[in-house]
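Data from input.json: JSON, C-alpha atoms and all ligand atoms
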[["chain", "number", "residue", "atom", "x", "y", "z"],
["X", 1, "MET", "CA", 0.00, 0.00, 0.00],
["X", 2, "ALA", "CA", 1.24, 3.49, -0.79],
["X", 3, "LYS", "CA", 2.19, 5.65, 2.17],
["X", 4, "ILE", "CA", 0.58, 8.66, 0.48],
["X", 5, "ALA", "CA", -2.08, 8.50, -2.22],
["X", 6, "PHE", "CA", -3.83, 11.39, -3.97],
["X", 7, "ARG", "CA", -6.90, 10.30, -5.93],
["X", 8, "GLN", "CA", -8.42, 12.77, -8.39],
["X", 9, "VAL", "CA", -7.59, 15.66, -6.08],
["X", 10, "THR", "CA", -9.14, 18.94, -7.14],
["X", 11, "LYS", "CA", -8.70, 22.22, -5.34],
["X", 12, "GLY", "CA", -9.89, 25.68, -6.22],
["X", 13, "PHE", "CA", -10.56, 29.01, -4.59],
["X", 14, "PHE", "CA", -13.39, 31.46, -5.03],
["X", 15, "LYS", "CA", -12.01, 34.82, -6.02],
["X", 16, "ASP", "CA", -13.39, 38.17, -4.87],
["X", 17, "ASN", "CA", -15.26, 38.55, -8.17],
["X", 18, "GLY", "CA", -17.05, 35.23, -7.54],
["X", 19, "HIS", "CA", -15.09, 33.28, -10.15],
["X", 20, "PHE", "CA", -13.80, 29.84, -9.21],
["X", 21, "ASP", "CA", -10.04, 29.63, -9.62],
["X", 22, "LEU", "CA", -9.10, 25.99, -10.30],
["X", 23, "VAL", "CA", -5.60, 25.30, -8.95],
["X", 24, "LEU", "CA", -5.30, 21.50, -8.89],
["X", 25, "ASP", "CA", -7.28, 19.46, -11.39],
["X", 26, "GLY", "CA", -7.74, 15.73, -10.82],
["X", 27, "LEU", "CA", -4.26, 15.17, -9.46],
["X", 28, "ASN", "CA", -3.16, 11.56, -8.88],
["X", 29, "LEU", "CA", -0.03, 10.71, -6.99],
["X", 30, "GLU", "CA", 1.44, 7.86, -4.97],
["X", 31, "VAL", "CA", 4.45, 7.91, -2.71],
["X", 32, "GLY", "CA", 5.89, 4.74, -1.18],
["X", 33, "ASP", "CA", 6.91, 4.36, 2.45],
["X", 34, "GLY", "CA", 10.41, 5.75, 2.98],
["X", 35, "GLU", "CA", 10.61, 7.26, -0.48],
["X", 36, "PHE", "CA", 12.13, 10.68, -1.21],
["X", 37, "VAL", "CA", 10.06, 12.36, -3.91],
["X", 38, "SER", "CA", 10.49, 15.87, -5.29],
["X", 39, "VAL", "CA", 7.82, 17.87, -7.04],
["X", 40, "VAL", "CA", 8.75, 20.52, -9.60],
["X", 41, "GLY", "CA", 6.53, 22.63, -11.82],
["X", 42, "PRO", "CA", 5.93, 26.11, -13.20],
["X", 43, "GLY", "CA", 5.41, 28.87, -10.62],
["X", 44, "GLY", "CA", 1.86, 29.34, -9.38],
["X", 45, "ASN", "CA", 0.68, 25.91, -10.54],
["X", 46, "GLY", "CA", -0.36, 24.66, -7.13],
["X", 47, "LYS", "CA", 2.75, 23.06, -5.60],
["X", 48, "SER", "CA", 2.36, 24.79, -2.24],
["X", 49, "THR", "CA", -1.37, 24.10, -2.38],
["X", 50, "LEU", "CA", -0.63, 20.39, -2.89],
["X", 51, "LEU", "CA", 1.65, 20.41, 0.14],
["X", 52, "ARG", "CA", -0.79, 22.32, 2.36],
["X", 53, "LEU", "CA", -3.54, 19.85, 1.45],
["X", 54, "LEU", "CA", -1.23, 16.97, 2.40],
["X", 55, "ALA", "CA", -0.29, 18.71, 5.64],
["X", 56, "GLY", "CA", -4.01, 18.94, 6.39],
["X", 57, "LEU", "CA", -3.88, 22.73, 6.55],
["X", 58, "GLU", "CA", -6.55, 23.13, 3.87],
["X", 59, "ALA", "CA", -9.59, 21.19, 2.71],
["X", 60, "LEU", "CA", -9.96, 19.57, -0.72],
["X", 61, "THR", "CA", -12.58, 20.67, -3.20],
["X", 62, "SER", "CA", -13.02, 17.05, -4.37],
["X", 63, "GLY", "CA", -11.14, 13.76, -4.49],
["X", 64, "GLU", "CA", -9.24, 12.30, -1.58],
["X", 65, "ILE", "CA", -5.83, 12.08, 0.01],
["X", 66, "ARG", "CA", -4.99, 8.97, 1.99],
["X", 67, "VAL", "CA", -2.06, 8.38, 4.31],
["X", 68, "ASP", "CA", -1.55, 4.71, 5.22],
["X", 69, "GLY", "CA", -4.89, 4.06, 3.59],
["X", 70, "HIS", "CA", -6.82, 6.52, 5.78],
["X", 71, "PRO", "CA", -8.30, 9.78, 4.50],
["X", 72, "ILE", "CA", -6.60, 12.74, 6.17],
["X", 73, "SER", "CA", -8.78, 14.95, 8.30],
["X", 74, "GLY", "CA", -6.46, 17.74, 9.44],
["X", 75, "PRO", "CA", -2.91, 18.38, 10.60],
["X", 76, "SER", "CA", -1.11, 15.53, 12.33],
["X", 77, "ALA", "CA", 2.14, 15.19, 14.26],
["X", 78, "LYS", "CA", 2.88, 12.29, 11.91],
["X", 79, "ARG", "CA", 3.46, 14.84, 9.15],
["X", 80, "GLY", "CA", 6.24, 17.34, 9.89],
["X", 81, "VAL", "CA", 6.67, 20.45, 7.75],
["X", 82, "ILE", "CA", 9.67, 22.54, 6.78],
["X", 83, "PHE", "CA", 8.94, 25.80, 4.98],
["X", 84, "GLU", "CA", 11.18, 28.44, 3.45],
["X", 85, "GLU", "CA", 10.57, 30.68, 6.47],
["X", 86, "THR", "CA", 11.93, 28.78, 9.45],
["X", 87, "LEU", "CA", 9.36, 30.24, 11.87],
["X", 88, "LEU", "CA", 11.66, 29.55, 14.83],
["X", 89, "TYR", "CA", 10.59, 31.08, 18.12],
["X", 90, "PRO", "CA", 12.85, 34.13, 18.51],
["X", 91, "TRP", "CA", 12.61, 34.19, 22.30],
["X", 92, "MET", "CA", 13.83, 30.61, 22.68],
["X", 93, "THR", "CA", 17.35, 29.30, 22.31],
["X", 94, "VAL", "CA", 18.15, 26.83, 19.54],
["X", 95, "ARG", "CA", 17.94, 23.94, 22.02],
["X", 96, "GLU", "CA", 14.60, 25.18, 23.39],
["X", 97, "ASN", "CA", 13.20, 25.55, 19.88],
["X", 98, "VAL", "CA", 14.00, 21.91, 19.13],
["X", 99, "MET", "CA", 12.80, 20.68, 22.53],
["X", 100, "PHE", "CA", 9.49, 22.50, 22.18],
["X", 101, "GLY", "CA", 7.80, 19.84, 20.02],
["X", 102, "PRO", "CA", 8.64, 16.81, 22.17],
["X", 103, "LEU", "CA", 7.77, 18.74, 25.36],
["X", 104, "SER", "CA", 4.38, 19.69, 23.87],
["X", 105, "CYS", "CA", 3.77, 16.00, 23.20],
["X", 106, "GLY", "CA", 4.45, 15.14, 26.83],
["X", 107, "VAL", "CA", 7.97, 13.74, 26.41],
["X", 108, "ASP", "CA", 9.99, 13.79, 29.63],
["X", 109, "PRO", "CA", 12.15, 16.98, 29.70],
["X", 110, "ARG", "CA", 15.38, 15.06, 30.11],
["X", 111, "GLU", "CA", 14.58, 12.86, 27.13],
["X", 112, "ALA", "CA", 13.44, 15.86, 25.07],
["X", 113, "ARG", "CA", 16.72, 17.59, 25.78],
["X", 114, "GLN", "CA", 18.75, 14.51, 24.90],
["X", 115, "LYS", "CA", 16.89, 14.01, 21.61],
["X", 116, "ALA", "CA", 17.17, 17.68, 20.70],
["X", 117, "GLU", "CA", 20.89, 17.72, 21.39],
["X", 118, "GLU", "CA", 21.47, 14.52, 19.46],
["X", 119, "TRP", "CA", 19.91, 15.97, 16.31],
["X", 120, "LEU", "CA", 21.58, 19.35, 16.73],
["X", 121, "ILE", "CA", 24.96, 17.62, 17.02],
["X", 122, "PHE", "CA", 24.16, 15.45, 13.98],
["X", 123, "LEU", "CA", 23.44, 18.63, 12.04],
["X", 124, "GLY", "CA", 26.68, 20.32, 13.10],
["X", 125, "LEU", "CA", 25.15, 22.75, 15.61],
["X", 126, "LYS", "CA", 26.87, 21.51, 18.76],
["X", 127, "ASN", "CA", 28.32, 24.94, 19.55],
["X", 128, "PHE", "CA", 25.13, 26.86, 18.80],
["X", 129, "MET", "CA", 22.59, 25.21, 21.08],
["X", 130, "ASP", "CA", 22.50, 28.12, 23.53],
["X", 131, "LYS", "CA", 22.27, 30.80, 20.83],
["X", 132, "TYR", "CA", 19.09, 32.55, 19.79],
["X", 133, "PRO", "CA", 17.83, 32.27, 16.19],
["X", 134, "HIS", "CA", 18.86, 35.83, 15.26],
["X", 135, "GLU", "CA", 22.46, 34.95, 16.14],
["X", 136, "LEU", "CA", 22.57, 32.26, 13.44],
["X", 137, "SER", "CA", 23.08, 32.44, 9.67],
["X", 138, "GLY", "CA", 20.20, 31.51, 7.37],
["X", 139, "GLY", "CA", 21.73, 28.09, 6.70],
["X", 140, "MET", "CA", 22.07, 27.35, 10.40],
["X", 141, "GLN", "CA", 18.50, 28.44, 11.04],
["X", 142, "GLN", "CA", 17.33, 25.97, 8.41],
["X", 143, "ARG", "CA", 19.36, 23.22, 10.11],
["X", 144, "VAL", "CA", 17.51, 24.04, 13.31],
["X", 145, "ALA", "CA", 14.25, 23.83, 11.36],
["X", 146, "ILE", "CA", 15.25, 20.35, 10.14],
["X", 147, "ALA", "CA", 16.15, 19.27, 13.69],
["X", 148, "ARG", "CA", 12.88, 20.66, 14.98],
["X", 149, "ALA", "CA", 10.87, 18.73, 12.39],
["X", 150, "ILE", "CA", 12.75, 15.44, 12.73],
["X", 151, "VAL", "CA", 12.94, 15.38, 16.54],
["X", 152, "ASN", "CA", 9.19, 14.82, 16.68],
["X", 153, "GLU", "CA", 9.72, 11.59, 14.75],
["X", 154, "PRO", "CA", 7.13, 12.27, 12.07],
["X", 155, "GLU", "CA", 6.50, 9.52, 9.54],
["X", 156, "ILE", "CA", 6.38, 11.98, 6.69],
["X", 157, "LEU", "CA", 8.34, 15.17, 6.07],
["X", 158, "LEU", "CA", 6.76, 17.83, 3.89],
["X", 159, "CYS", "CA", 9.12, 20.47, 2.55],
["X", 160, "ASP", "CA", 8.12, 23.57, 0.59],
["X", 161, "GLU", "CA", 11.19, 25.14, -1.02],
["X", 162, "PRO", "CA", 12.91, 24.91, 2.36],
["X", 163, "PHE", "CA", 16.29, 26.17, 1.23],
["X", 164, "GLY", "CA", 15.05, 28.66, -1.36],
["X", 165, "SER", "CA", 16.44, 31.74, 0.35],
["X", 166, "LEU", "CA", 19.95, 30.38, 0.89],
["X", 167, "ASP", "CA", 22.94, 31.06, -1.30],
["X", 168, "TRP", "CA", 23.83, 28.18, -3.61],
["X", 169, "ILE", "CA", 26.88, 26.83, -1.74],
["X", 170, "THR", "CA", 25.06, 26.81, 1.60],
["X", 171, "ARG", "CA", 22.18, 25.17, -0.16],
["X", 172, "GLU", "CA", 24.33, 22.36, -1.54],
["X", 173, "LEU", "CA", 25.81, 21.72, 1.89],
["X", 174, "ILE", "CA", 22.47, 21.67, 3.64],
["X", 175, "CYS", "CA", 21.05, 19.34, 0.97],
["X", 176, "ASP", "CA", 23.79, 16.87, 1.93],
["X", 177, "GLU", "CA", 22.84, 17.25, 5.60],
["X", 178, "PHE", "CA", 19.21, 16.68, 4.75],
["X", 179, "LEU", "CA", 20.05, 13.58, 2.70],
["X", 180, "ARG", "CA", 22.01, 12.21, 5.65],
["X", 181, "VAL", "CA", 18.97, 12.78, 7.87],
["X", 182, "TRP", "CA", 16.75, 11.01, 5.34],
["X", 183, "HIS", "CA", 19.18, 8.13, 5.03],
["X", 184, "ARG", "CA", 19.35, 7.71, 8.81],
["X", 185, "THR", "CA", 15.61, 7.94, 9.47],
["X", 186, "ARG", "CA", 14.04, 6.69, 6.22],
["X", 187, "LYS", "CA", 11.12, 9.04, 6.56],
["X", 188, "THR", "CA", 8.87, 9.51, 3.56],
["X", 189, "VAL", "CA", 9.74, 12.91, 2.09],
["X", 190, "VAL", "CA", 7.73, 15.09, -0.29],
["X", 191, "TYR", "CA", 9.97, 17.96, -1.33],
["X", 192, "ILE", "CA", 8.81, 20.94, -3.36],
["X", 193, "THR", "CA", 11.45, 22.93, -5.19],
["X", 194, "HIS", "CA", 11.87, 25.03, -8.29],
["X", 195, "ALA", "CA", 15.57, 24.08, -8.48],
["X", 196, "LEU", "CA", 15.66, 21.16, -10.88],
["X", 197, "GLU", "CA", 19.26, 20.22, -9.97],
["X", 198, "GLU", "CA", 18.28, 20.05, -6.33],
["X", 199, "ALA", "CA", 15.30, 17.83, -7.12],
["X", 200, "VAL", "CA", 17.53, 15.38, -9.00],
["X", 201, "TYR", "CA", 20.26, 15.49, -6.39],
["X", 202, "LEU", "CA", 17.94, 14.68, -3.49],
["X", 203, "SER", "CA", 15.29, 12.39, -4.83],
["X", 204, "GLN", "CA", 14.54, 8.88, -5.83],
["X", 205, "ARG", "CA", 11.78, 10.19, -8.08],
["X", 206, "VAL", "CA", 11.08, 13.63, -9.54],
["X", 207, "LEU", "CA", 7.48, 14.47, -10.40],
["X", 208, "VAL", "CA", 7.02, 17.19, -12.99],
["X", 209, "MET", "CA", 3.71, 19.02, -12.74],
["X", 210, "THR", "CA", 1.71, 20.73, -15.45],
["X", 211, "ALA", "CA", 1.10, 24.47, -15.44],
["X", 212, "LYS", "CA", -1.99, 25.58, -13.53],
["X", 213, "PRO", "CA", -4.32, 23.82, -12.99],
["X", 214, "GLY", "CA", -1.74, 21.39, -11.68],
["X", 215, "ARG", "CA", -1.52, 17.65, -12.26],
["X", 216, "ILE", "CA", 1.44, 15.30, -12.39],
["X", 217, "ALA", "CA", 2.63, 15.26, -15.99],
["X", 218, "LYS", "CA", 5.81, 13.19, -15.89],
["X", 219, "VAL", "CA", 7.75, 11.02, -13.49],
["X", 220, "VAL", "CA", 11.51, 10.63, -13.70],
["X", 221, "ASP", "CA", 13.12, 7.84, -11.66],
["X", 222, "ILE", "CA", 16.54, 8.84, -10.41],
["X", 223, "ASP", "CA", 18.92, 5.93, -10.19],
["X", 224, "LEU", "CA", 21.97, 7.46, -8.50],
["X", 225, "PRO", "CA", 23.88, 6.11, -5.47],
["X", 226, "GLU", "CA", 21.93, 6.63, -2.23],
["X", 227, "LYS", "CA", 24.74, 8.17, -0.21],
["X", 228, "ARG", "CA", 25.16, 10.99, -2.66],
["X", 229, "TRP", "CA", 27.09, 13.15, -0.22],
["X", 230, "GLU", "CA", 29.89, 10.59, -0.33],
["X", 231, "GLU", "CA", 30.16, 10.70, -4.15],
["X", 232, "ARG", "CA", 32.43, 13.68, -4.62],
["X", 233, "GLY", "CA", 32.12, 14.02, -8.37],
["X", 234, "LEU", "CA", 28.41, 13.32, -8.54],
["X", 235, "ARG", "CA", 27.32, 16.86, -9.39],
["X", 236, "TYR", "CA", 29.68, 16.81, -12.36],
["X", 237, "SER", "CA", 28.88, 13.31, -13.58],
["X", 238, "GLU", "CA", 27.24, 12.56, -16.90],
["X", 239, "ALA", "CA", 24.49, 10.50, -15.28],
["X", 240, "TYR", "CA", 23.50, 13.42, -13.03],
["X", 241, "ALA", "CA", 23.61, 15.91, -15.91],
["X", 242, "ASP", "CA", 21.44, 13.59, -18.03],
["X", 243, "TYR", "CA", 18.78, 13.42, -15.32],
["X", 244, "VAL", "CA", 18.76, 17.19, -14.88],
["X", 245, "GLU", "CA", 18.47, 17.61, -18.64],
["X", 246, "ARG", "CA", 15.53, 15.21, -18.82],
["X", 247, "VAL", "CA", 13.69, 16.94, -15.99],
["X", 248, "ARG", "CA", 14.43, 20.32, -17.57],
["X", 249, "ALA", "CA", 13.04, 19.20, -20.94],
["X", 250, "TRP", "CA", 9.77, 17.99, -19.37],
["X", 251, "PHE", "CA", 9.58, 21.09, -17.19],
["X", 252, "GLN", "CA", 9.99, 23.42, -20.17],
["X", 253, "GLU", "CA", 7.43, 21.50, -22.18],
["X", 254, "GLU", "CA", 4.88, 21.86, -19.39],
["X", 255, "SER", "CA", 5.72, 25.52, -18.81],
["X", 256, "CYS", "CA", 5.22, 26.30, -22.49],
["X", 257, "LYS", "CA", 1.88, 24.50, -22.61],
["X", 258, "GLY", "CA", 0.69, 26.76, -19.81],
["X", 259, "GLY", "CA", 1.49, 29.86, -21.82],
["X", 260, "ARG", "CA", 4.60, 30.62, -19.79],
["X", 261, "GLY", "CA", 6.98, 30.01, -22.65],
["X", 262, "PRO", "CA", 10.64, 30.94, -22.46],
["X", 263, "GLY", "CA", 10.01, 34.33, -24.08],
["X", 264, "GLU", "CA", 7.15, 35.45, -21.90],
["X", 265, "GLY", "CA", 7.80, 38.32, -19.59],
["X", 266, "ARG", "CA", 10.76, 39.60, -21.57],
["X", 267, "LEU", "CA", 10.79, 43.17, -22.81],
["X", 268, "PRO", "CA", 10.15, 43.37, -26.55],
["X", 269, "LEU", "CA", 13.32, 44.07, -28.52],
["X", 270, "ARG", "CA", 13.35, 47.28, -30.46],
["L", 301, "LIG", "N1", -5.66, 30.79, 0.02],
["L", 301, "LIG", "C1", -5.78, 31.08, -1.27],
["L", 301, "LIG", "N2", -6.80, 31.82, -1.74],
["L", 301, "LIG", "C2", -6.91, 32.09, -3.06],
["L", 301, "LIG", "N3", -6.07, 31.66, -4.01],
["L", 301, "LIG", "C3", -5.03, 30.92, -3.61],
["L", 301, "LIG", "C4", -4.81, 30.58, -2.24],
["L", 301, "LIG", "N4", -3.70, 29.80, -2.16],
["L", 301, "LIG", "C5", -3.23, 29.67, -3.42],
["L", 301, "LIG", "N5", -4.03, 30.35, -4.28],
["L", 301, "LIG", "C6", -3.83, 30.41, -5.74],
["L", 301, "LIG", "O1", -3.45, 29.14, -6.17],
["L", 301, "LIG", "C7", -2.48, 29.23, -7.20],
["L", 301, "LIG", "C8", -1.32, 28.33, -6.88],
["L", 301, "LIG", "O2", -0.67, 28.79, -5.73],
["L", 301, "LIG", "P1", 0.52, 27.98, -5.06],
["L", 301, "LIG", "O3", 0.04, 26.64, -4.67],
["L", 301, "LIG", "O4", 1.08, 28.85, -3.99],
["L", 301, "LIG", "O5", 1.54, 27.85, -6.28],
["L", 301, "LIG", "P2", 3.08, 27.43, -6.32],
["L", 301, "LIG", "O6", 3.49, 27.02, -4.94],
["L", 301, "LIG", "O7", 3.15, 26.31, -7.32],
["L", 301, "LIG", "O8", 3.84, 28.61, -6.83],
["L", 301, "LIG", "C9", -2.13, 30.69, -7.35],
["L", 301, "LIG", "O9", -2.80, 31.16, -8.49],
["L", 301, "LIG", "C10", -2.66, 31.33, -6.11],
["L", 301, "LIG", "O10", -3.13, 32.60, -6.38],
["L", 302, "MG", "MG", 4.91, 27.73, -3.61]]

Now, as a test, write the supplied structure out as structure tokens.
Amino acid sequence: MAKIAFRQVTKGFFKDNGHFDLVLDGLNLEVGDGEFVSVVGPGGNGKSTLLRLLAGLEALTSGEIRVDGHPISGPSAKRGVIFEETLLYPWMTVRENVMFGPLSCGVDPREARQKAEEWLIFLGLKNFMDKYPHELSGGMQQRVAIARAIVNEPEILLCDEPFGSLDWITRELICDEFLRVWHRTRKTVVYITHALEEAVYLSQRVLVMTAKPGRIAKVVDIDLPEKRWEERGLRYSEAYADYVERVRAWFQEESCKGGRGPGEGRLPLR
């Protein structure tokens, strides 16, 4: 049985003028237990909407989403989220931020502290546990956000462009950290990104969505070594470049179909 299954999921919003704005249109999707899947697609085509529906933060218009075979009925601690904005509590130290989730779930304070510290050390933040979020760089804050999500031992991690605001080098490093976390925990991950290289680098499968209204248009299986952070030349390998090229080709095809062709938005040449 699939860990996550979308069946004919449709979602729309009523606009102020009364028109119905269809965002997702009959979307089908299955993710296996422990799989790392990325979702890419043209901007504004419903990727964040898809993730919010799966997080249980919004209701469907029609269709259904099942997790472990059960329809979802709202947010659940089983599904952790990591967004682009870390939303750390500014008045708490790094350690307290990570302990907050387990403490709220009734975990013994000593155990919560031990778990929090274990993940912070794993993510290279040993010397920053007593700092406050504003004292950390953006990359470090996102590591705290990863620790905070994973310490609650969710079964599924939902990520919406989590590293989008980081510079590219930091982003590559944190992707390796995130892969190590995935490899250690084998959580099911659904990862939204507009960076096609990142999608290929992280995932076992990349799903390419259509332009709005969004559906899954293409699926690319990525057959690269699992411990990618140990493969030094991976980002420069032919196999990796081929996957990125394939995803890019599908992505461009879908973007063009939606009227967002490569030329759109450019100033006319005189
Ligand atoms: N709460 C909302 N109310 C009205 N329209 C929304 C809402 N959330 C998203 N939308 C619309 O849904 C479309 C897709 O948004 P989103 O899922 O954020 O796209 P993406 O993440 O792929 O860029 C956009 O046209 C946006 O205006
Ligand atoms: Mg989005």

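Among the candidate residues X:Ile4, X:Gly80, X:Gly34, X:Gly26, the one lying nearest to Ser203 in chain X is X:Gly34, with distances computed using only C-alpha atoms.
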
May I have a table of the residues of range 71-182 of chain X lying at most 9 Å from range 54-62 of chain X, giving each one's closest pair of atoms and their distance in Å to one decimal, counting only C-alpha atoms, ordered by chain and ascending residue number, as JSON lines?
{"residue": "X:Ile72", "atom": "CA", "partner": "X:Gly56", "partner_atom": "CA", "distance": 6.7}
{"residue": "X:Ser73", "atom": "CA", "partner": "X:Gly56", "partner_atom": "CA", "distance": 6.5}
{"residue": "X:Gly74", "atom": "CA", "partner": "X:Gly56", "partner_atom": "CA", "distance": 4.1}
{"residue": "X:Pro75", "atom": "CA", "partner": "X:Gly56", "partner_atom": "CA", "distance": 4.4}
{"residue": "X:Ser76", "atom": "CA", "partner": "X:Gly56", "partner_atom": "CA", "distance": 7.4}
{"residue": "X:Arg79", "atom": "CA", "partner": "X:Ala55", "partner_atom": "CA", "distance": 6.4}
{"residue": "X:Gly80", "atom": "CA", "partner": "X:Ala55", "partner_atom": "CA", "distance": 7.9}
{"residue": "X:Val81", "atom": "CA", "partner": "X:Ala55", "partner_atom": "CA", "distance": 7.5}
{"residue": "X:Leu158", "atom": "CA", "partner": "X:Ala55", "partner_atom": "CA", "distance": 7.3}

* Residue with smallest distance to Lys78 in chain X - pool X:Glu238, X:Glu153, X:Glu245, X:Asp16, counting only C-alpha atoms ->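 Once distances to Lys78 in chain X are computed over only C-alpha atoms, the minimum belongs to X:Glu153.
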
* Just give me the gap between atom O5 of ligand LIG 301 (chain L) and CA of Ser48 in chain X in Å, one decimal is fine. => 5.1 Å

* Could you name the residues that touch range 223-231 of chain X at 7 Å or less, counting all atoms listed in the file, but leaving out those on the same chain fewer than 3 positions away, as a PyMOL selection string? -> chain X and resi 176+204+234

* Structure fact -> A straight line from CA of Leu173 in chain X to CA of Leu123 in chain X spans 10.9 Å

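Compared by their closest atoms to Trp119 in chain X, and using all atoms listed in the file, the residues X:Met1, X:Glu84, X:Met99, X:Glu64 rank with X:Met99 nearest.
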
* Which of X:Cys159, X:Leu207, X:Val37, X:Ala249 sits closest to ligand MG 302 (chain L) [using all atoms listed in the file] -> X:Cys159

* **Selection: 10 Å around Pro71 in chain X, only C-alpha atoms, excl. self and same-chain fewer than 4 positions, as a ChimeraX atom specification** => /X:4-6,64-67

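The spacing separating CA of Gly233 in chain X from CA of Gly164 in chain X amounts to 23.6 Å.
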
* Which residue out of X:Leu136, X:Ile222, X:Ile192, X:Ile82 has the minimum interatomic distance to ligand LIG 301 (chain L) when only C-alpha atoms and all ligand atoms are used? -> X:Ile192

* So which residues touch Arg248 in chain X within 10 Å, counting only C-alpha atoms, skipping near sequence neighbours fewer than 6 positions away, as a PyMOL selection string? -> chain X and resi 40+195-197+208+242+254

Starting from the sparse input, extend range 21-34 of chain X to N, CA and C atoms and give the output as a compact mmCIF listing (two decimals), keeping the file's coordinate frame.
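Output contents, as saved in result-v1.txt:
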# COMPACT_ATOMS: atom_id res chain seq x y z
N ASP X 21 -11.40 29.74 -9.10
CA ASP X 21 -10.04 29.63 -9.62
C ASP X 21 -9.55 28.20 -9.37
N LEU X 22 -9.49 27.39 -10.44
CA LEU X 22 -9.10 25.99 -10.30
C LEU X 22 -7.57 25.90 -10.24
N VAL X 23 -7.06 25.35 -9.16
CA VAL X 23 -5.60 25.30 -8.95
C VAL X 23 -5.05 23.90 -9.19
N LEU X 24 -5.70 22.89 -8.63
CA LEU X 24 -5.30 21.50 -8.89
C LEU X 24 -6.48 20.80 -9.55
N ASP X 25 -6.19 20.02 -10.59
CA ASP X 25 -7.28 19.46 -11.39
C ASP X 25 -7.11 17.95 -11.54
N GLY X 26 -7.77 17.19 -10.69
CA GLY X 26 -7.74 15.73 -10.82
C GLY X 26 -6.35 15.15 -10.67
N LEU X 27 -5.66 15.59 -9.64
CA LEU X 27 -4.26 15.17 -9.46
C LEU X 27 -4.18 13.79 -8.81
N ASN X 28 -3.42 12.90 -9.44
CA ASN X 28 -3.16 11.56 -8.88
C ASN X 28 -1.68 11.44 -8.57
N LEU X 29 -1.41 10.77 -7.45
CA LEU X 29 -0.03 10.71 -6.99
C LEU X 29 0.09 9.62 -5.94
N GLU X 30 1.17 8.85 -6.03
CA GLU X 30 1.44 7.86 -4.97
C GLU X 30 2.88 7.96 -4.54
N VAL X 31 3.10 7.89 -3.25
CA VAL X 31 4.45 7.91 -2.71
C VAL X 31 4.60 6.71 -1.79
N GLY X 32 5.67 5.94 -1.99
CA GLY X 32 5.89 4.74 -1.18
C GLY X 32 6.49 5.08 0.18
N ASP X 33 6.36 4.16 1.12
CA ASP X 33 6.91 4.36 2.45
C ASP X 33 8.43 4.49 2.36
N GLY X 34 8.96 5.55 2.96
CA GLY X 34 10.41 5.75 2.98
C GLY X 34 10.99 6.35 1.71
